[in-house]
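Undergrad: Just work-v4.txt, nothing more (compact mmCIF, C-alpha atoms):
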```txt
# COMPACT_ATOMS: atom_id res chain seq x y z
CA MET A 1 0.00 0.00 0.00
CA SER A 2 1.48 3.29 -0.98
CA VAL A 3 1.67 6.20 1.36
CA ALA A 4 -0.84 8.02 -0.72
CA THR A 5 -3.22 5.06 -0.64
CA THR A 6 -2.72 4.63 3.07
CA ARG A 7 -3.62 8.23 3.66
CA LEU A 8 -6.70 7.83 1.53
CA VAL A 9 -7.86 4.61 3.16
CA PHE A 10 -7.22 5.64 6.72
CA GLY A 11 -8.02 9.25 6.23
CA LEU A 12 -11.40 8.78 4.58
CA PRO A 13 -13.33 7.57 7.65
CA VAL A 14 -11.93 10.45 9.66
CA LEU A 15 -12.93 12.96 7.04
CA LEU A 16 -16.36 11.39 6.70
CA ALA A 17 -16.80 11.36 10.45
CA CYS A 18 -15.89 15.02 10.54
CA GLY A 19 -18.33 15.77 7.80
CA VAL A 20 -15.57 17.09 5.61
CA LEU A 21 -16.26 14.61 2.85
CA ALA A 22 -19.96 14.06 3.33
CA LEU A 23 -21.57 12.01 0.61
CA PRO A 24 -24.44 13.65 -1.22
CA ALA A 25 -27.56 13.21 0.92
CA ALA A 26 -29.46 11.49 -1.85
CA ALA A 27 -26.77 8.88 -2.38
CA GLN A 28 -26.51 8.30 1.34
CA SER A 29 -30.25 7.89 1.81
CA ALA A 30 -30.72 5.65 -1.15
CA ARG A 31 -27.90 3.41 -0.01
CA GLU A 32 -28.98 3.31 3.59
CA ALA A 33 -32.63 2.69 2.90
CA ARG A 34 -32.23 -1.04 2.60
CA LEU A 35 -33.24 -3.86 4.86
CA ALA A 36 -30.89 -6.44 6.24
CA ASP A 37 -31.90 -8.75 3.41
CA GLY A 38 -30.70 -6.21 0.87
CA HIS A 39 -34.12 -5.19 -0.44
CA PRO A 40 -35.11 -1.53 -0.48
CA ASP A 41 -36.69 -0.22 2.69
CA PHE A 42 -39.69 1.96 1.95
CA SER A 43 -40.50 2.50 5.61
CA GLY A 44 -41.77 5.96 6.30
CA THR A 45 -44.73 8.28 6.01
CA TRP A 46 -45.56 9.31 2.49
CA GLU A 47 -47.57 12.16 1.04
CA ASN A 48 -49.11 10.80 -2.10
CA GLY A 49 -50.64 13.86 -3.65
CA SER A 50 -54.14 12.51 -3.89
CA GLY A 51 -55.49 13.95 -0.72
CA ILE A 52 -55.52 17.52 0.38
CA ASP A 53 -52.32 18.82 -1.14
CA PHE A 54 -54.37 21.47 -2.88
CA VAL A 55 -55.64 22.77 0.44
CA GLN A 56 -53.34 25.64 1.29
CA PRO A 57 -54.72 27.52 4.28
CA GLN A 58 -53.73 31.14 4.71
CA GLN A 59 -53.17 32.51 8.17
CA LYS A 60 -53.26 36.14 9.19
CA GLY A 61 -52.97 36.74 12.89
CA ALA A 62 -55.59 34.62 14.61
CA SER A 63 -57.65 34.35 11.42
CA VAL A 64 -57.47 31.44 9.04
CA CYS A 65 -58.77 31.12 5.51
CA ILE A 66 -59.01 27.69 3.93
CA PHE A 67 -61.14 28.39 0.86
CA GLY A 68 -62.52 31.52 -0.69
CA CYS A 69 -59.46 33.51 0.25
CA GLY A 70 -59.41 35.47 -2.97
CA GLY A 71 -57.15 34.94 -5.90
CA ALA A 72 -57.57 32.39 -8.61
CA PRO A 73 -59.02 29.01 -7.74
CA PRO A 74 -56.62 26.11 -7.93
CA PRO A 75 -56.25 24.55 -11.35
CA PRO A 76 -58.58 21.61 -12.01
CA GLU A 77 -55.81 19.09 -11.79
CA THR A 78 -55.17 20.11 -8.21
CA GLN A 79 -58.79 20.10 -7.17
CA GLY A 80 -58.79 16.42 -6.50
CA ALA A 81 -60.11 15.39 -9.89
CA GLY A 82 -56.79 13.72 -10.64
CA PRO A 83 -54.35 12.14 -10.41
CA THR A 84 -56.08 9.14 -11.91
CA PRO A 85 -58.00 10.63 -14.80
CA SER A 86 -58.13 7.39 -16.73
CA ARG A 87 -61.00 5.03 -16.17
CA PRO A 88 -61.33 1.26 -16.60
CA GLN A 89 -62.83 0.18 -19.88
CA TYR A 90 -65.73 -2.26 -19.73
CA ARG A 91 -67.02 -4.85 -22.12
CA PRO A 92 -69.92 -3.40 -24.12
CA GLU A 93 -72.55 -5.46 -22.33
CA PHE A 94 -71.63 -3.83 -19.01
CA ALA A 95 -71.53 -0.23 -20.17
CA ALA A 96 -75.17 0.40 -19.30
CA ARG A 97 -74.70 -0.91 -15.78
CA VAL A 98 -71.70 1.31 -15.19
CA ALA A 99 -73.59 4.31 -16.54
CA ASP A 100 -76.57 3.56 -14.32
CA LEU A 101 -74.44 3.18 -11.21
CA ALA A 102 -72.62 6.39 -12.04
CA LYS A 103 -75.91 8.25 -12.37
CA ARG A 104 -77.06 6.89 -9.02
CA GLN A 105 -73.68 7.35 -7.37
CA VAL A 106 -75.06 9.21 -4.40
CA SER A 107 -77.24 6.27 -3.50
CA GLU A 108 -74.88 3.49 -4.59
CA ASP A 109 -71.23 4.42 -4.02
CA PRO A 110 -70.03 2.41 -1.02
CA VAL A 111 -67.34 4.93 -0.14
CA LEU A 112 -69.88 7.68 0.42
CA ARG A 113 -71.21 5.52 3.23
CA CYS A 114 -67.86 5.20 4.91
CA LYS A 115 -67.05 1.74 3.62
CA ALA A 116 -63.43 0.88 2.93
CA PRO A 117 -62.54 2.11 -0.55
CA GLY A 118 -60.92 -1.09 -1.81
CA VAL A 119 -57.92 -1.41 -4.08
CA PRO A 120 -56.71 0.46 -6.06
CA ARG A 121 -59.16 3.19 -5.08
CA ILE A 122 -57.51 3.59 -1.71
CA GLY A 123 -54.38 4.69 -3.54
CA PRO A 124 -50.77 4.49 -2.41
CA PRO A 125 -50.08 3.72 1.24
CA ASP A 126 -49.72 6.69 3.55
CA LYS A 127 -47.26 4.92 5.78
CA ILE A 128 -45.12 1.85 5.26
CA VAL A 129 -43.54 -0.23 7.96
CA GLN A 130 -41.22 -2.83 6.57
CA ARG A 131 -38.96 -5.60 7.72
CA PRO A 132 -37.42 -8.55 5.92
CA GLY A 133 -40.21 -10.80 4.69
CA GLU A 134 -43.06 -8.39 5.38
CA ALA A 135 -44.41 -4.94 4.65
CA LEU A 136 -47.25 -3.22 6.44
CA PHE A 137 -49.24 -0.63 4.51
CA LEU A 138 -51.15 1.92 6.59
CA TYR A 139 -53.81 4.26 5.28
CA ASP A 140 -55.34 7.43 6.64
CA ASP A 141 -58.59 7.73 4.82
CA VAL A 142 -61.70 9.83 5.24
CA SER A 143 -63.45 6.51 5.76
CA GLY A 144 -61.05 5.59 8.55
CA ASN A 145 -57.67 4.03 9.18
CA PHE A 146 -56.91 0.87 7.25
CA PHE A 147 -54.00 -1.55 7.08
CA ARG A 148 -52.77 -4.22 4.72
CA ILE A 149 -50.23 -6.86 5.61
CA VAL A 150 -48.04 -7.77 2.65
CA PRO A 151 -45.86 -10.84 3.17
CA THR A 152 -42.77 -10.83 0.99
CA ASP A 153 -41.31 -14.13 2.12
CA GLY A 154 -42.65 -16.20 -0.74
CA ARG A 155 -45.77 -17.52 0.91
CA PRO A 156 -48.85 -18.01 -1.26
CA HIS A 157 -52.21 -16.31 -0.89
CA ILE A 158 -54.35 -17.28 2.06
CA THR A 159 -57.02 -19.75 1.06
CA ASP A 160 -59.11 -19.98 4.20
CA THR A 161 -60.32 -16.41 4.45
CA GLU A 162 -63.46 -14.61 3.39
CA PRO A 163 -63.36 -12.06 0.58
CA SER A 164 -62.73 -8.59 1.98
CA PHE A 165 -62.67 -4.90 1.08
CA LEU A 166 -58.88 -4.78 0.74
CA GLY A 167 -58.35 -8.38 -0.29
CA ASP A 168 -55.44 -10.69 0.38
CA ALA A 169 -52.06 -9.32 -0.62
CA VAL A 170 -48.82 -11.12 -1.36
CA GLY A 171 -45.62 -9.30 -2.29
CA ARG A 172 -42.52 -10.23 -4.19
CA TRP A 173 -39.42 -8.40 -5.32
CA GLU A 174 -38.58 -7.76 -8.95
CA GLY A 175 -35.17 -6.20 -8.55
CA ASP A 176 -35.74 -3.16 -6.39
CA THR A 177 -39.46 -3.00 -7.17
CA LEU A 178 -41.96 -4.36 -4.68
CA VAL A 179 -44.75 -6.07 -6.59
CA VAL A 180 -47.94 -6.65 -4.61
CA GLU A 181 -50.63 -8.94 -5.96
CA THR A 182 -54.01 -8.74 -4.24
CA VAL A 183 -56.99 -11.05 -4.74
CA LYS A 184 -60.04 -12.26 -2.86
CA PHE A 185 -61.94 -8.99 -2.79
CA ASN A 186 -65.58 -8.71 -1.90
CA THR A 187 -67.78 -6.90 -4.41
CA ASP A 188 -68.67 -4.01 -2.10
CA THR A 189 -66.13 -1.63 -3.58
CA TRP A 190 -65.82 0.36 -6.78
CA LEU A 191 -62.64 0.95 -8.74
CA THR A 192 -63.46 4.62 -9.22
CA ASP A 193 -66.21 7.00 -8.14
CA ASP A 194 -68.32 6.65 -11.25
CA GLY A 195 -69.85 3.24 -11.05
CA ALA A 196 -66.76 1.20 -11.87
CA PHE A 197 -67.91 -2.03 -10.27
CA HIS A 198 -65.91 -5.24 -10.29
CA THR A 199 -66.43 -8.93 -9.72
CA LYS A 200 -65.08 -11.31 -7.11
CA ASP A 201 -62.37 -12.23 -9.60
CA LEU A 202 -60.73 -8.82 -9.36
CA ARG A 203 -56.95 -9.01 -9.22
CA VAL A 204 -54.80 -5.96 -8.62
CA VAL A 205 -51.05 -5.77 -9.07
CA GLU A 206 -49.36 -2.77 -7.47
CA ARG A 207 -45.77 -1.74 -7.94
CA LEU A 208 -43.70 0.36 -5.58
CA ARG A 209 -40.24 1.57 -6.31
CA ARG A 210 -37.92 4.25 -5.07
CA THR A 211 -37.38 7.09 -7.50
CA GLY A 212 -35.20 9.24 -5.29
CA ALA A 213 -33.91 9.58 -1.78
CA ASP A 214 -37.29 10.83 -0.58
CA THR A 215 -39.67 9.73 -3.28
CA LEU A 216 -41.51 6.58 -4.30
CA GLU A 217 -43.58 5.71 -7.33
CA TRP A 218 -46.75 3.67 -6.97
CA SER A 219 -48.67 2.20 -9.84
CA ALA A 220 -51.31 -0.45 -10.25
CA THR A 221 -52.80 -2.69 -12.89
CA VAL A 222 -56.35 -3.96 -12.51
CA TYR A 223 -57.43 -7.29 -13.94
CA ASP A 224 -61.06 -8.35 -14.07
CA PRO A 225 -61.51 -9.96 -17.50
CA THR A 226 -65.13 -10.92 -16.85
CA VAL A 227 -66.19 -7.29 -17.06
CA LEU A 228 -63.19 -5.27 -18.24
CA SER A 229 -62.32 -5.24 -21.92
CA ALA A 230 -58.65 -4.87 -21.04
CA PRO A 231 -56.53 -4.57 -17.90
CA TRP A 232 -56.76 -1.07 -16.47
CA GLN A 233 -53.43 0.60 -15.93
CA VAL A 234 -53.74 3.09 -13.12
CA PRO A 235 -51.41 6.01 -13.87
CA PRO A 236 -48.30 6.04 -11.68
CA ARG A 237 -48.42 8.32 -8.68
CA ALA A 238 -45.54 9.87 -6.85
CA GLU A 239 -45.13 9.65 -3.11
CA ARG A 240 -42.79 11.89 -1.21
CA ALA A 241 -41.56 11.54 2.33
CA THR A 242 -43.30 13.75 4.85
CA LYS A 243 -42.65 14.57 8.47
CA VAL A 244 -46.37 14.94 9.12
CA ASP A 245 -47.21 11.61 10.65
CA MET A 246 -50.53 9.87 10.60
CA VAL A 247 -52.96 10.31 13.45
CA GLU A 248 -55.98 8.32 14.49
CA ALA A 249 -58.70 8.95 11.97
CA ALA A 250 -61.88 10.64 13.11
CA PRO A 251 -64.91 8.38 13.01
CA CYS A 252 -66.64 8.28 9.65
CA ILE A 253 -70.35 8.80 10.24
CA GLU A 254 -72.17 9.85 7.11
CA GLN A 255 -75.05 12.24 7.77
CA SER A 256 -75.44 14.36 4.69
CA LEU A 257 -76.58 12.14 1.83
CA SER A 258 -80.16 11.94 3.08
CA HIS A 259 -80.37 15.68 2.56
CA MET A 260 -79.34 15.54 -1.09
CA VAL A 261 -82.20 16.67 -3.29
CA ASP A 262 -80.90 15.28 -6.57
CA ASP A 263 -78.36 12.90 -8.07
CA THR A 264 -75.63 15.51 -8.16
CA HIS A 265 -72.35 13.68 -8.39
CA HIS A 266 -70.40 13.51 -5.16
CA THR A 267 -66.85 13.46 -6.37
CA ASN A 268 -64.47 11.02 -4.94
CA PRO A 269 -61.41 10.80 -7.10
CA ARG A 270 -60.09 7.53 -5.82
CA MET B 1 -52.37 11.88 3.37
CA GLY B 2 -54.40 9.52 1.66
CA PRO B 3 -57.65 10.51 2.25
CA LYS B 4 -58.36 11.06 -0.79
CA THR B 5 -61.95 11.36 -0.19
CA PHE B 6 -61.31 14.64 1.37
CA ALA B 7 -61.49 16.01 -2.08
CA ALA B 8 -65.10 15.01 -2.17
CA ALA B 9 -66.29 17.70 0.11
CA VAL B 10 -63.75 20.08 -1.20
CA LEU B 11 -64.74 19.87 -4.77
CA ALA B 12 -68.19 20.49 -3.64
CA LEU B 13 -67.42 23.62 -1.82
CA LEU B 14 -65.02 24.80 -4.45
CA ALA B 15 -67.80 24.54 -6.95
CA ILE B 16 -69.99 26.71 -4.82
CA GLY B 17 -67.16 29.04 -4.09
CA VAL B 18 -66.28 29.71 -7.67
CA GLY B 19 -69.76 29.41 -9.03
CA SER B 20 -68.89 26.43 -11.16
CA ALA B 21 -71.71 24.51 -12.72
CA GLY B 22 -69.57 21.47 -13.12
CA ALA B 23 -70.49 17.99 -12.13
CA HIS B 24 -68.55 17.99 -8.93
CA HIS B 25 -70.69 19.81 -6.46
CA SER B 26 -72.45 17.58 -4.06
CA VAL B 27 -72.71 20.42 -1.60
CA ALA B 28 -74.74 22.24 -4.19
CA GLY B 29 -77.00 19.21 -4.25
CA GLN B 30 -77.61 19.66 -0.58
CA PHE B 31 -77.35 23.38 0.08
CA ASP B 32 -78.76 26.38 -1.73
CA ASN B 33 -76.20 28.93 -2.84
CA SER B 34 -78.96 31.51 -3.22
CA ARG B 35 -80.31 31.17 0.32
CA ARG B 36 -77.82 32.51 2.78
CA ALA B 37 -78.07 32.81 6.51
CA LYS B 38 -76.19 34.94 9.02
CA ILE B 39 -76.57 33.50 12.47
CA THR B 40 -75.10 34.70 15.75
CA GLY B 41 -74.69 32.57 18.82
CA THR B 42 -72.26 30.37 20.68
CA ILE B 43 -70.87 27.01 19.67
CA SER B 44 -72.20 24.35 22.02
CA LYS B 45 -70.83 21.20 20.40
CA ILE B 46 -68.68 19.96 17.57
CA ASP B 47 -68.91 16.56 15.95
CA TRP B 48 -65.31 15.91 14.92
CA ILE B 49 -66.25 13.30 12.34
CA ASN B 50 -65.86 12.52 8.66
CA PRO B 51 -66.73 12.90 5.89
CA HIS B 52 -68.06 16.19 7.26
CA THR B 53 -67.68 17.89 10.59
CA TYR B 54 -70.71 19.46 12.27
CA ILE B 55 -70.68 22.59 14.35
CA TYR B 56 -73.67 23.25 16.59
CA LEU B 57 -74.50 26.90 17.11
CA ASP B 58 -76.89 27.89 19.90
CA VAL B 59 -78.83 30.97 18.93
CA LYS B 60 -80.87 32.79 21.59
CA SER B 61 -83.97 34.71 20.59
CA ASP B 62 -85.09 37.99 22.12
CA LYS B 63 -87.41 35.94 24.33
CA GLY B 64 -84.52 33.83 25.55
CA GLU B 65 -85.45 30.70 23.60
CA VAL B 66 -82.47 28.78 22.30
CA THR B 67 -82.42 27.27 18.81
CA THR B 68 -79.51 25.04 17.85
CA TRP B 69 -78.27 25.28 14.27
CA ARG B 70 -76.36 22.37 12.76
CA LEU B 71 -73.65 23.67 10.50
CA GLU B 72 -71.99 21.17 8.18
CA SER B 73 -68.37 21.79 7.32
CA LEU B 74 -65.09 20.38 6.08
CA PRO B 75 -63.55 16.98 6.74
CA THR B 76 -61.34 16.78 9.79
CA ALA B 77 -58.08 16.53 7.86
CA MET B 78 -58.63 19.93 6.25
CA LEU B 79 -59.39 21.59 9.55
CA ARG B 80 -56.32 19.93 11.03
CA LYS B 81 -54.16 21.15 8.17
CA ALA B 82 -55.40 24.66 8.86
CA GLY B 83 -54.51 24.28 12.51
CA LEU B 84 -58.13 24.36 13.59
CA THR B 85 -59.31 22.28 16.51
CA SER B 86 -62.61 21.98 18.36
CA GLU B 87 -61.15 24.12 21.10
CA LYS B 88 -60.21 26.90 18.69
CA LEU B 89 -63.58 26.79 17.01
CA ILE B 90 -65.49 26.96 20.29
CA SER B 91 -63.10 29.70 21.37
CA GLY B 92 -64.08 29.59 25.00
CA GLY B 93 -67.74 30.02 24.21
CA ALA B 94 -67.27 33.37 22.56
CA THR B 95 -70.09 34.88 20.56
CA VAL B 96 -69.65 34.06 16.91
CA THR B 97 -71.48 34.91 13.70
CA ALA B 98 -71.80 32.22 11.07
CA ASP B 99 -72.33 32.83 7.38
CA ALA B 100 -73.94 29.76 5.88
CA LEU B 101 -76.02 28.31 3.05
CA MET B 102 -79.44 26.90 3.86
CA ALA B 103 -80.35 23.27 3.18
CA ARG B 104 -82.21 22.71 -0.06
CA ASP B 105 -84.46 20.00 1.34
CA GLY B 106 -86.09 22.40 3.74
CA SER B 107 -84.42 21.03 6.87
CA ALA B 108 -84.75 23.71 9.48
CA HIS B 109 -81.56 24.96 11.06
CA LEU B 110 -79.27 22.89 8.85
CA ALA B 111 -76.75 24.84 6.80
CA TRP B 112 -73.36 24.66 5.09
CA LEU B 113 -70.86 26.74 6.98
CA LEU B 114 -68.96 29.33 5.00
CA LYS B 115 -67.36 31.49 7.66
CA LEU B 116 -67.18 32.01 11.39
CA THR B 117 -66.47 35.53 12.63
CA TYR B 118 -65.79 36.06 16.31
CA GLU B 119 -66.52 39.08 18.49
CA ASP B 120 -62.91 40.20 18.50
CA GLY B 121 -62.84 40.24 14.72
CA HIS B 122 -60.84 37.16 13.97
CA PHE B 123 -62.45 34.69 11.58
CA PHE B 124 -62.21 31.26 10.07
CA GLN B 125 -63.12 31.24 6.38
CA LEU B 126 -63.95 27.66 5.53
CA ALA B 127 -65.60 27.93 2.13
CA GLY B 128 -65.88 30.36 -0.72
CA GLU B 129 -68.64 32.93 -0.52
```
The structure in this file should be written as structure tokens.

TA:
Amino acid sequence: MSVATTRLVFGLPVLLACGVLALPAAAQSAREARLADGHPDFSGTWENGSGIDFVQPQQKGASVCIFGCGGAPPPPETQGAGPTPSRPQYRPEFAARVADLAKRQVSEDPVLRCKAPGVPRIGPPDKIVQRPGEALFLYDDVSGNFFRIVPTDGRPHITDTEPSFLGDAVGRWEGDTLVVETVKFNTDTWLTDDGAFHTKDLRVVERLRRTGADTLEWSATVYDPTVLSAPWQVPPRAERATKVDMVEAAPCIEQSLSHMVDDTHHTNPR
Amino acid sequence: MGPKTFAAAVLALLAIGVGSAGAHHSVAGQFDNSRRAKITGTISKIDWINPHTYIYLDVKSDKGEVTTWRLESLPTAMLRKAGLTSEKLISGGATVTADALMARDGSAHLAWLLKLTYEDGHFFQLAGE
């Protein structure tokens, strides 16, 4: 070992420890965010952009303005209508049923009655807790708090369970992408807010991958060949790390729909 | 956060706030933008629930009779993001004036809350007027 090399080898830890040669934060984070088994660690709380990002309260002294504060309204794409503008395409024989359900959304949409939104309507997880062989997805939803347990240790789907709102999930790694396949859903959920029903054979494949030190990308593909004319590719959505942690959700107790006087659509973008 | 459904109520109130005639205005299906109320009283209770919070405003008549108005408002996550809590809204039982939209189905004393203005002048603007 040359003197120069010796200096480099022995000097580097000292310099790093002193912060003199700090690695770029992104490189450090990306490298450190791995589990003991070598797979990426997505643990953290994630803002996924589909909730209330567009709500930007203004404070002046003790006063607060949430909406109607003057100025231009937020652009449509930030009003909650996105980020999943695409819709599943149905076989022709089911188009009328979808249209009918959409028209009667106020009386038919399960989510408006505080039921769990299902997958993929619930969107990307708001918090992920991960360890080798398992990931836990947590959700903070207007309908309540929900969780999904995603084994990643190679086990198959559970066979002795009833169909459920969020189904039975099994994960696997494709390189650094976590692929989650979920089946065994009940039929009490919609894929979107406009009558997009599904059958018991619904299968959803979600993909999660890191796109930066503090960002993830979530996407999903929906398979239900009995009613869909083709698999529905849910547009990818970005998640970014947030320091605002989840809290216990307030109870969801619907009390307004009985006062609706018409079929006016009650938007729910999930 | 995921909630995601929070946008439901929001779109609704945005539509009212900006006068949109778009499809996304469930609040407009429940409350009448042309029938406004201005009510003064004290907040006696808050239902901190989703998908809409409810604020109960006790209004005393000249004869001393108390009528309780039920004011529907935003989901909890939006109030939380604005730093608003039940305690701040009740504000120690201070007298407050509510601007609101009356229910379209004729329900008495049910309204969509637009703004709360307190005696000392500070206010919470919750929806577009």

Undergrad: Quick check: residues of chain A within 8 Å of chain B, all atoms listed in the file, returned as an NGL selection string.

TA: :A and (46-52 or 55-58 or 61-69 or 73 or 79-81 or 114 or 122-126 or 139-143 or 246 or 250-254 or 256-257 or 259-270)

Undergrad: Quick one: distance from CA of Trp173 (chain A) to CA of Thr152 (chain A) in Å, one decimal?

TA: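 Separation between CA of Trp173 (chain A) and CA of Thr152 (chain A): 7.5 Å.
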
Undergrad: Contacts of Tyr56 (chain B) at 12 Å or less, counting only C-alpha atoms, minus same-chain residues fewer than 6 places along, as a CSV table (one decimal) with C-alpha atoms, keeping the file's coordinate frame?

TA:
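This went into out-v5.csv:
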```
chain,number,residue,atom,x,y,z
B,39,ILE,CA,-76.6,33.5,12.5
B,40,THR,CA,-75.1,34.7,15.8
B,41,GLY,CA,-74.7,32.6,18.8
B,42,THR,CA,-72.3,30.4,20.7
B,43,ILE,CA,-70.9,27.0,19.7
B,44,SER,CA,-72.2,24.4,22.0
B,45,LYS,CA,-70.8,21.2,20.4
B,46,ILE,CA,-68.7,20.0,17.6
B,47,ASP,CA,-68.9,16.6,16.0
B,48,TRP,CA,-65.3,15.9,14.9
B,66,VAL,CA,-82.5,28.8,22.3
B,67,THR,CA,-82.4,27.3,18.8
B,68,THR,CA,-79.5,25.0,17.8
B,69,TRP,CA,-78.3,25.3,14.3
B,70,ARG,CA,-76.4,22.4,12.8
B,71,LEU,CA,-73.6,23.7,10.5
B,72,GLU,CA,-72.0,21.2,8.2
B,73,SER,CA,-68.4,21.8,7.3
B,86,SER,CA,-62.6,22.0,18.4
B,89,LEU,CA,-63.6,26.8,17.0
B,90,ILE,CA,-65.5,27.0,20.3
B,93,GLY,CA,-67.7,30.0,24.2
B,96,VAL,CA,-69.6,34.1,16.9
B,98,ALA,CA,-71.8,32.2,11.1
B,109,HIS,CA,-81.6,25.0,11.1
B,110,LEU,CA,-79.3,22.9,8.8
B,111,ALA,CA,-76.8,24.8,6.8
B,112,TRP,CA,-73.4,24.7,5.1
B,113,LEU,CA,-70.9,26.7,7.0
```

Undergrad: I want to know what sits within 9 Å of Glu119 (chain B), based on all atoms listed in the file, with residues of the same chain fewer than 6 positions away left out; could you give that as a list in words?

TA: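 Using all atoms listed in the file, the neighbours found are Ala94, Thr95, Val96 and Thr97 of chain B.
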